Amino acid sequence: MAYTQSVRGNTGCLFLKGICIPFYIVSSREWILLDSGSRFVRRELEEYLGEQKIRIRAVMCSHAHFDHTENNRYLQETHGAKIVLSALDAGILQDITSLKACFYSYTGQDNERYNREMLCRADRIFVPQQQENGQIQVEGVFFQVLALPGHAASHVGFVTPDGVAYLADSVLSPDPSGREHLTYMLDWSRSFQTLEAVRRFSYQSYILAHGGVYDRIGPVAEENLERFRGMMDGFCRLFAGELTQEEVLAKAAKQYHFTWDSYEKVCVLERVVRSMTEYLVEQGRIGRRSRGGVMVYGPWKPE
């Protein structure tokens with residue numbers, strides 16, 4: 001069931017199934033959302049907004065993934081919400097073909113089937129590194145833009161006028177399970193750099209898209225760093241001999257008990273494994289070379 005939590009001043013969080021959507025109160029019945037959630041929470045979102053008689057004035061997006069953008073067009077059409085996107089994300093979300101920049105392992109027909117709800121028209125486009133004083137004004141409210149690359153190509157966060165930093169998916173909530181999972185980041189080298197920077201932040205409060213509200217982010221970022229380094233160590237052990245990319249996928253699926261019950265899941269695993277493999281190559285922990293026209297990876301010194 002949807003519920004809200006006041007964080008600080010006019011900043012709060014709307015909790016829906018599996019995600020936390022920050023909002024900034026413009027007036028008693030008008031909000032600016034930071035991301036819009038997936039189509040799977042649309043009914044829950046609209047029921048809450050309807051019951052509380054809240055109109056969404058704008059949606060500021062952190063990155064072009066389905067669970068952050070799929071309600072953009074819906075809110076644009078039903079609430080008249082202004083959609084605010086980075087220049088790269090505005091391009092990615094403009095049509096089915098452009099979605100392949102994000103979901104490269106899908107065909108155009110796959111993106112039509114799985115990701116069509118992501119498509120939307122930007123009402124406002126910004127370039128994170130070129131914002132004057134690092135700020136953007138939306139509906140008369142000034143937000144600070146935080147460049148947080150790694151999880152996605154143009155991943156950003158926002159700081160509200162109350163000093164609350166929304167970090168989206170650049171930091172994940174602590175995992176108390178102790179199980180070894182695979183996690184997706186588009187560029188792991190940049191993700192580690194972002195986590196190192198985040199742990200030194202000194203804002204009033206922090207919101208994570210899938211982790212809720214925190215008063216201190218340093219310990220959470222440290223936990224992420226330790227967990228992800230351990231994950232990379234375990235993944236690196238798969239490369240005991242020469243492996244093609246497909247063989248890496250098969251070993252990873254077995255090691256991490258991944259179920260191959262749909263084409264869609266295999267495509268997701270391929271993107272996860274590819275990004276982790278690229279990171280190990282960049283770090284010099286494994287090597288790669290061509291074998292008869294096929295790329296293979298193994299525990300060799302980089303060439």
# chains A, B, ... in the order shown; residues from 1 in each chain; ligands from 1
$ residues_around --residues "Asp162 (chain A)" --least-positions-apart "2" --cutoff "9 Å" --atoms "only C-alpha atoms" --output "PyMOL selection string"
chain A and resi 8-11+159-160+164-165+204-205
$ write_last_selection --atoms "C-alpha atoms" --output "PDB file, in the first residue's frame"
ATOM      1  CA  ARG A   8      12.921  17.483   5.468  1.00  0.00           C
ATOM      2  CA  GLY A   9      11.038  20.709   4.745  1.00  0.00           C
ATOM      3  CA  ASN A  10       9.059  20.306   1.537  1.00  0.00           C
ATOM      4  CA  THR A  11      10.878  17.099   0.558  1.00  0.00           C
ATOM      5  CA  VAL A 159      19.483  17.906  -4.313  1.00  0.00           C
ATOM      6  CA  THR A 160      16.271  19.631  -3.250  1.00  0.00           C
ATOM      7  CA  VAL A 164      18.085  16.338   0.588  1.00  0.00           C
ATOM      8  CA  ALA A 165      20.108  14.409  -2.008  1.00  0.00           C
ATOM      9  CA  GLN A 204      21.208  16.853   5.264  1.00  0.00           C
ATOM     10  CA  SER A 205      19.538  13.592   4.208  1.00  0.00           C
TER      11      SER A 205
END
$ residues_around --residues "region 224-231 of chain A" --least-positions-apart "2" --cutoff "12 Å" --atoms "only C-alpha atoms" --output "CSV table (one decimal) with N, CA, C and O atoms, in the first residue's frame"
chain,number,residue,atom,x,y,z
A,169,ASP,N,20.0,5.2,-8.3
A,169,ASP,CA,20.6,3.9,-8.2
A,169,ASP,C,22.1,3.9,-8.1
A,169,ASP,O,22.7,2.9,-8.4
A,170,SER,N,22.7,5.0,-7.8
A,170,SER,CA,24.2,5.1,-7.7
A,170,SER,C,24.6,4.4,-6.5
A,170,SER,O,25.8,3.9,-6.4
A,171,VAL,N,23.8,4.3,-5.4
A,171,VAL,CA,24.0,3.6,-4.2
A,171,VAL,C,22.8,2.7,-3.9
A,171,VAL,O,21.7,3.1,-4.1
A,172,LEU,N,23.1,1.5,-3.5
A,172,LEU,CA,22.0,0.5,-3.2
A,172,LEU,C,21.9,0.3,-1.7
A,172,LEU,O,22.9,0.5,-1.0
A,173,SER,N,20.7,-0.1,-1.3
A,173,SER,CA,20.5,-0.3,0.1
A,173,SER,C,21.4,-1.4,0.6
A,173,SER,O,21.7,-2.4,-0.2
A,174,PRO,N,21.8,-1.4,1.9
A,174,PRO,CA,22.7,-2.5,2.4
A,174,PRO,C,21.9,-3.9,2.2
A,174,PRO,O,20.7,-4.0,2.4
A,175,ASP,N,22.7,-4.9,2.0
A,175,ASP,CA,22.1,-6.3,1.8
A,175,ASP,C,22.5,-7.1,3.0
A,175,ASP,O,23.6,-7.6,3.1
A,176,PRO,N,21.6,-7.4,3.9
A,176,PRO,CA,21.9,-8.2,5.1
A,176,PRO,C,21.9,-9.7,4.9
A,176,PRO,O,22.2,-10.4,5.8
A,177,SER,N,21.5,-10.1,3.7
A,177,SER,CA,21.3,-11.5,3.4
A,177,SER,C,22.6,-12.3,3.5
A,177,SER,O,22.6,-13.5,3.8
A,178,GLY,N,23.7,-11.6,3.1
A,178,GLY,CA,25.0,-12.3,3.0
A,178,GLY,C,25.1,-13.2,1.8
A,178,GLY,O,26.2,-13.8,1.5
A,179,ARG,N,24.1,-13.3,0.9
A,179,ARG,CA,24.2,-14.1,-0.3
A,179,ARG,C,25.0,-13.3,-1.4
A,179,ARG,O,25.0,-12.1,-1.4
A,180,GLU,N,25.6,-14.1,-2.2
A,180,GLU,CA,26.4,-13.4,-3.3
A,180,GLU,C,25.5,-13.3,-4.5
A,180,GLU,O,25.0,-14.2,-5.1
A,181,HIS,N,25.2,-12.0,-4.9
A,181,HIS,CA,24.4,-11.7,-6.0
A,181,HIS,C,25.2,-11.0,-7.1
A,181,HIS,O,26.3,-10.5,-6.8
A,182,LEU,N,24.7,-11.0,-8.3
A,182,LEU,CA,25.2,-10.2,-9.4
A,182,LEU,C,24.4,-8.9,-9.5
A,182,LEU,O,23.2,-8.9,-9.4
A,183,THR,N,25.1,-7.8,-9.7
A,183,THR,CA,24.5,-6.5,-9.7
A,183,THR,C,24.9,-5.8,-11.0
A,183,THR,O,26.0,-6.0,-11.5
A,184,TYR,N,23.9,-5.1,-11.6
A,184,TYR,CA,24.2,-4.4,-12.9
A,184,TYR,C,24.7,-3.0,-12.7
A,184,TYR,O,24.0,-2.2,-12.0
A,185,MET,N,25.8,-2.7,-13.3
A,185,MET,CA,26.2,-1.3,-13.5
A,185,MET,C,26.7,-1.2,-15.0
A,185,MET,O,27.4,-2.1,-15.4
A,188,TRP,N,31.4,-0.3,-14.4
A,188,TRP,CA,31.8,-0.5,-13.0
A,188,TRP,C,32.9,0.4,-12.6
A,188,TRP,O,33.0,0.8,-11.4
A,189,SER,N,33.8,0.7,-13.4
A,189,SER,CA,34.9,1.6,-13.0
A,189,SER,C,34.4,3.0,-12.6
A,189,SER,O,34.8,3.5,-11.5
A,191,SER,N,31.3,3.5,-11.6
A,191,SER,CA,30.4,3.3,-10.4
A,191,SER,C,31.3,3.3,-9.1
A,191,SER,O,30.8,3.9,-8.1
A,192,PHE,N,32.4,2.6,-9.1
A,192,PHE,CA,33.3,2.6,-8.0
A,192,PHE,C,33.8,4.1,-7.7
A,192,PHE,O,33.8,4.5,-6.5
A,193,GLN,N,34.1,4.8,-8.7
A,193,GLN,CA,34.5,6.2,-8.5
A,193,GLN,C,33.4,7.0,-7.9
A,193,GLN,O,33.6,7.9,-7.0
A,194,THR,N,32.1,6.8,-8.4
A,194,THR,CA,31.0,7.5,-7.8
A,194,THR,C,30.8,7.2,-6.4
A,194,THR,O,30.5,8.1,-5.5
A,195,LEU,N,30.9,5.9,-6.0
A,195,LEU,CA,30.7,5.5,-4.6
A,195,LEU,C,31.8,6.1,-3.7
A,195,LEU,O,31.5,6.6,-2.6
A,196,GLU,N,33.0,6.2,-4.2
A,196,GLU,CA,34.1,6.9,-3.4
A,196,GLU,C,33.7,8.3,-3.2
A,196,GLU,O,34.0,8.9,-2.1
A,197,ALA,N,33.2,9.0,-4.2
A,197,ALA,CA,32.8,10.4,-4.1
A,197,ALA,C,31.6,10.6,-3.1
A,197,ALA,O,31.5,11.4,-2.3
A,198,VAL,N,30.6,9.7,-3.3
A,198,VAL,CA,29.4,9.8,-2.5
A,198,VAL,C,29.6,9.6,-1.0
A,198,VAL,O,29.0,10.3,-0.2
A,199,ARG,N,30.6,8.8,-0.6
A,199,ARG,CA,30.8,8.5,0.8
A,199,ARG,C,31.4,9.7,1.5
A,199,ARG,O,31.4,9.8,2.7
A,217,ILE,N,25.2,8.9,4.7
A,217,ILE,CA,25.4,8.0,3.5
A,217,ILE,C,26.8,7.3,3.5
A,217,ILE,O,26.9,6.3,2.8
A,218,GLY,N,27.7,7.9,4.3
A,218,GLY,CA,29.1,7.3,4.3
A,218,GLY,C,29.1,5.8,4.6
A,218,GLY,O,29.7,5.0,3.8
A,219,PRO,N,28.4,5.3,5.7
A,219,PRO,CA,28.4,3.9,5.9
A,219,PRO,C,27.8,3.0,4.9
A,219,PRO,O,28.2,1.9,4.6
A,220,VAL,N,26.7,3.6,4.2
A,220,VAL,CA,26.0,2.8,3.2
A,220,VAL,C,26.9,2.7,1.9
A,220,VAL,O,27.0,1.6,1.4
A,221,ALA,N,27.6,3.8,1.6
A,221,ALA,CA,28.5,3.7,0.4
A,221,ALA,C,29.7,2.8,0.7
A,221,ALA,O,30.1,2.0,-0.1
A,222,GLU,N,30.2,2.8,2.0
A,222,GLU,CA,31.3,1.9,2.4
A,222,GLU,C,30.8,0.4,2.2
A,222,GLU,O,31.5,-0.5,1.8
A,233,ASP,N,35.5,-10.2,-6.8
A,233,ASP,CA,36.4,-11.3,-6.5
A,233,ASP,C,35.8,-12.6,-6.8
A,233,ASP,O,36.5,-13.5,-7.4
A,234,GLY,N,34.6,-12.9,-6.4
A,234,GLY,CA,33.9,-14.1,-6.7
A,234,GLY,C,33.7,-14.3,-8.2
A,234,GLY,O,33.9,-15.4,-8.7
A,235,PHE,N,33.3,-13.3,-8.9
A,235,PHE,CA,33.1,-13.4,-10.4
A,235,PHE,C,34.4,-13.7,-11.1
A,235,PHE,O,34.5,-14.5,-12.0
A,236,CYS,N,35.5,-13.1,-10.6
A,236,CYS,CA,36.8,-13.3,-11.2
A,236,CYS,C,37.2,-14.7,-11.2
A,236,CYS,O,37.9,-15.2,-12.1
A,237,ARG,N,36.8,-15.4,-10.2
A,237,ARG,CA,37.2,-16.8,-10.0
A,237,ARG,C,36.6,-17.7,-11.1
A,237,ARG,O,37.0,-18.9,-11.2
A,238,LEU,N,35.6,-17.2,-11.8
A,238,LEU,CA,35.0,-18.0,-12.9
A,238,LEU,C,36.0,-18.2,-14.0
A,238,LEU,O,35.9,-19.2,-14.8
A,252,ALA,N,28.4,-18.4,-15.1
A,252,ALA,CA,27.8,-17.4,-14.1
A,252,ALA,C,26.3,-17.8,-13.8
A,252,ALA,O,25.9,-17.8,-12.6
A,256,TYR,N,25.6,-18.6,-9.8
A,256,TYR,CA,24.7,-17.7,-9.1
A,256,TYR,C,23.2,-18.2,-9.2
A,256,TYR,O,22.3,-17.4,-8.9
A,273,VAL,N,26.7,-9.6,-17.1
A,273,VAL,CA,28.0,-10.3,-17.2
A,273,VAL,C,29.0,-9.6,-18.1
A,273,VAL,O,30.2,-9.5,-17.8
A,276,MET,N,30.5,-6.7,-16.1
A,276,MET,CA,31.5,-7.1,-15.0
A,276,MET,C,32.8,-7.6,-15.7
A,276,MET,O,33.9,-7.4,-15.2
A,279,TYR,N,34.9,-4.8,-16.7
A,279,TYR,CA,35.6,-4.1,-15.6
A,279,TYR,C,36.9,-4.9,-15.2
A,279,TYR,O,37.9,-4.4,-14.9
A,280,LEU,N,36.8,-6.3,-15.2
A,280,LEU,CA,37.9,-7.1,-14.8
A,280,LEU,C,39.1,-6.9,-15.9
A,280,LEU,O,40.2,-6.9,-15.5
$ residues_around --residues "Glu51 (chain A)" --least-positions-apart "6" --cutoff "12 Å" --atoms "only C-alpha atoms" --output "list in words"
Ala2, Tyr3, Arg29, Arg43, Glu44 and Leu45 of chain A
$ atom_distance --atom1 "CA of Asn71 (chain A)" --atom2 "CA of Ala58 (chain A)"
11.8 Å
$ select_by_dssp --residues "region 179-283 of chain A" --states "alpha helix (DSSP H)" --output "PyMOL selection string"
chain A and resi 188-198+218-236+245-255+263-282
$ write_last_selection --atoms "C-alpha atoms" --output "JSON list (two decimals), in the first residue's frame"
[["chain", "number", "residue", "atom", "x", "y", "z"],
["A", 188, "TRP", "CA", 31.78, -0.50, -13.04],
["A", 189, "SER", "CA", 34.92, 1.64, -13.05],
["A", 190, "ARG", "CA", 32.81, 4.80, -12.96],
["A", 191, "SER", "CA", 30.44, 3.27, -10.40],
["A", 192, "PHE", "CA", 33.28, 2.65, -7.97],
["A", 193, "GLN", "CA", 34.50, 6.21, -8.51],
["A", 194, "THR", "CA", 30.99, 7.54, -7.84],
["A", 195, "LEU", "CA", 30.70, 5.51, -4.62],
["A", 196, "GLU", "CA", 34.05, 6.88, -3.44],
["A", 197, "ALA", "CA", 32.78, 10.40, -4.06],
["A", 198, "VAL", "CA", 29.36, 9.78, -2.48],
["A", 218, "GLY", "CA", 29.07, 7.27, 4.28],
["A", 219, "PRO", "CA", 28.44, 3.88, 5.95],
["A", 220, "VAL", "CA", 26.03, 2.84, 3.17],
["A", 221, "ALA", "CA", 28.54, 3.73, 0.45],
["A", 222, "GLU", "CA", 31.26, 1.86, 2.35],
["A", 223, "GLU", "CA", 29.03, -1.22, 2.56],
["A", 224, "ASN", "CA", 28.39, -1.00, -1.20],
["A", 225, "LEU", "CA", 32.11, -0.73, -1.93],
["A", 226, "GLU", "CA", 32.96, -3.73, 0.24],
["A", 227, "ARG", "CA", 30.10, -5.82, -1.14],
["A", 228, "PHE", "CA", 30.83, -5.03, -4.79],
["A", 229, "ARG", "CA", 34.55, -5.70, -4.40],
["A", 230, "GLY", "CA", 33.69, -9.08, -2.92],
["A", 231, "MET", "CA", 31.27, -9.71, -5.77],
["A", 232, "MET", "CA", 34.00, -8.95, -8.30],
["A", 233, "ASP", "CA", 36.43, -11.27, -6.51],
["A", 234, "GLY", "CA", 33.92, -14.12, -6.74],
["A", 235, "PHE", "CA", 33.12, -13.38, -10.37],
["A", 236, "CYS", "CA", 36.81, -13.28, -11.25],
["A", 245, "GLN", "CA", 31.44, -14.83, -23.62],
["A", 246, "GLU", "CA", 28.75, -17.51, -23.93],
["A", 247, "GLU", "CA", 30.76, -19.84, -21.69],
["A", 248, "VAL", "CA", 31.12, -17.07, -19.12],
["A", 249, "LEU", "CA", 27.34, -16.63, -19.20],
["A", 250, "ALA", "CA", 26.77, -20.34, -18.65],
["A", 251, "LYS", "CA", 29.22, -20.51, -15.73],
["A", 252, "ALA", "CA", 27.75, -17.40, -14.13],
["A", 253, "ALA", "CA", 24.21, -18.77, -14.46],
["A", 254, "LYS", "CA", 25.25, -21.97, -12.72],
["A", 255, "GLN", "CA", 27.36, -20.28, -10.04],
["A", 263, "TYR", "CA", 14.70, -14.92, -23.40],
["A", 264, "GLU", "CA", 14.28, -11.60, -21.58],
["A", 265, "LYS", "CA", 16.17, -12.88, -18.50],
["A", 266, "VAL", "CA", 19.02, -14.20, -20.62],
["A", 267, "CYS", "CA", 19.38, -10.75, -22.24],
["A", 268, "VAL", "CA", 19.51, -9.13, -18.80],
["A", 269, "LEU", "CA", 22.15, -11.61, -17.59],
["A", 270, "GLU", "CA", 24.19, -10.96, -20.74],
["A", 271, "ARG", "CA", 24.31, -7.22, -19.98],
["A", 272, "VAL", "CA", 25.23, -7.86, -16.34],
["A", 273, "VAL", "CA", 28.01, -10.34, -17.18],
["A", 274, "ARG", "CA", 29.40, -8.22, -20.00],
["A", 275, "SER", "CA", 29.76, -5.13, -17.79],
["A", 276, "MET", "CA", 31.48, -7.12, -15.04],
["A", 277, "THR", "CA", 33.82, -8.82, -17.51],
["A", 278, "GLU", "CA", 34.76, -5.45, -19.02],
["A", 279, "TYR", "CA", 35.62, -4.15, -15.55],
["A", 280, "LEU", "CA", 37.95, -7.10, -14.84],
["A", 281, "VAL", "CA", 39.66, -6.50, -18.19],
["A", 282, "GLU", "CA", 40.08, -2.79, -17.40]]
$ closest_residue --among "A:Gly211, A:Gly157, A:Gly287, A:Gly140" --to "Pro128 (chain A)" --atoms "only C-alpha atoms"
A:Gly157
$ residues_around --residues "region 117-127 of chain A" --least-positions-apart "6" --cutoff "6 Å" --atoms "only C-alpha atoms" --output "list of chain:residue names"
A:Phe66, A:Thr69, A:Glu70, A:Arg73, A:Lys82, A:Ile83, A:Val84, A:Leu85, A:Ser86, A:Ala87, A:Ala90, A:Leu93, A:Gln94
$ residues_around --residues "region 62-64 of chain A" --least-positions-apart "3" --cutoff "9 Å" --atoms "only C-alpha atoms" --output "PyMOL selection string"
chain A and resi 34-35+67-69+85-86+88-90+92-93+99+102+118+151-158+166-169
$ select_by_dssp --residues "region 95-298 of chain A" --states "strand (DSSP E)" --output "PyMOL selection string"
chain A and resi 124-126+135-138+141-147+156-159+164-168+205-208+212-214+243-244+287-291+294-298
$ closest_residue --among "A:Val59, A:Thr97, A:Leu49, A:Leu16" --to "Ser36 (chain A)" --atoms "only C-alpha atoms"
A:Val59
$ closest_residue --among "A:Tyr104, A:Trp31, A:Phe23, A:Gln76" --to "Ile207 (chain A)" --atoms "only C-alpha atoms"
A:Phe23
$ atom_distance --atom1 "CA of Gln137 (chain A)" --atom2 "CA of Ser28 (chain A)"
19.6 Å
$ closest_residue --among "A:Ala209, A:Gly50, A:Tyr203, A:Glu112" --to "Gly37 (chain A)" --atoms "only C-alpha atoms"
A:Ala209
$ atom_distance --atom1 "CA of Val141 (chain A)" --atom2 "CA of Val26 (chain A)"
7.9 Å
$ residues_around --residues "Ser6 (chain A)" --least-positions-apart "6" --cutoff "10 Å" --atoms "only C-alpha atoms" --output "list in words"
Gly12, Cys13, Leu14, Pro22, Phe23 and Val213 of chain A
$ write_last_selection --atoms "C-alpha atoms" --output "PDB file, in the first residue's frame"
ATOM      1  CA  GLY A  12       9.328  13.698   1.079  1.00  0.00           C
ATOM      2  CA  CYS A  13       9.159  10.163  -0.288  1.00  0.00           C
ATOM      3  CA  LEU A  14       6.293   8.246  -1.809  1.00  0.00           C
ATOM      4  CA  PRO A  22      11.062  11.445  -3.885  1.00  0.00           C
ATOM      5  CA  PHE A  23       8.807  14.469  -4.230  1.00  0.00           C
ATOM      6  CA  VAL A 213      15.869   7.472   3.516  1.00  0.00           C
TER       7      VAL A 213
END
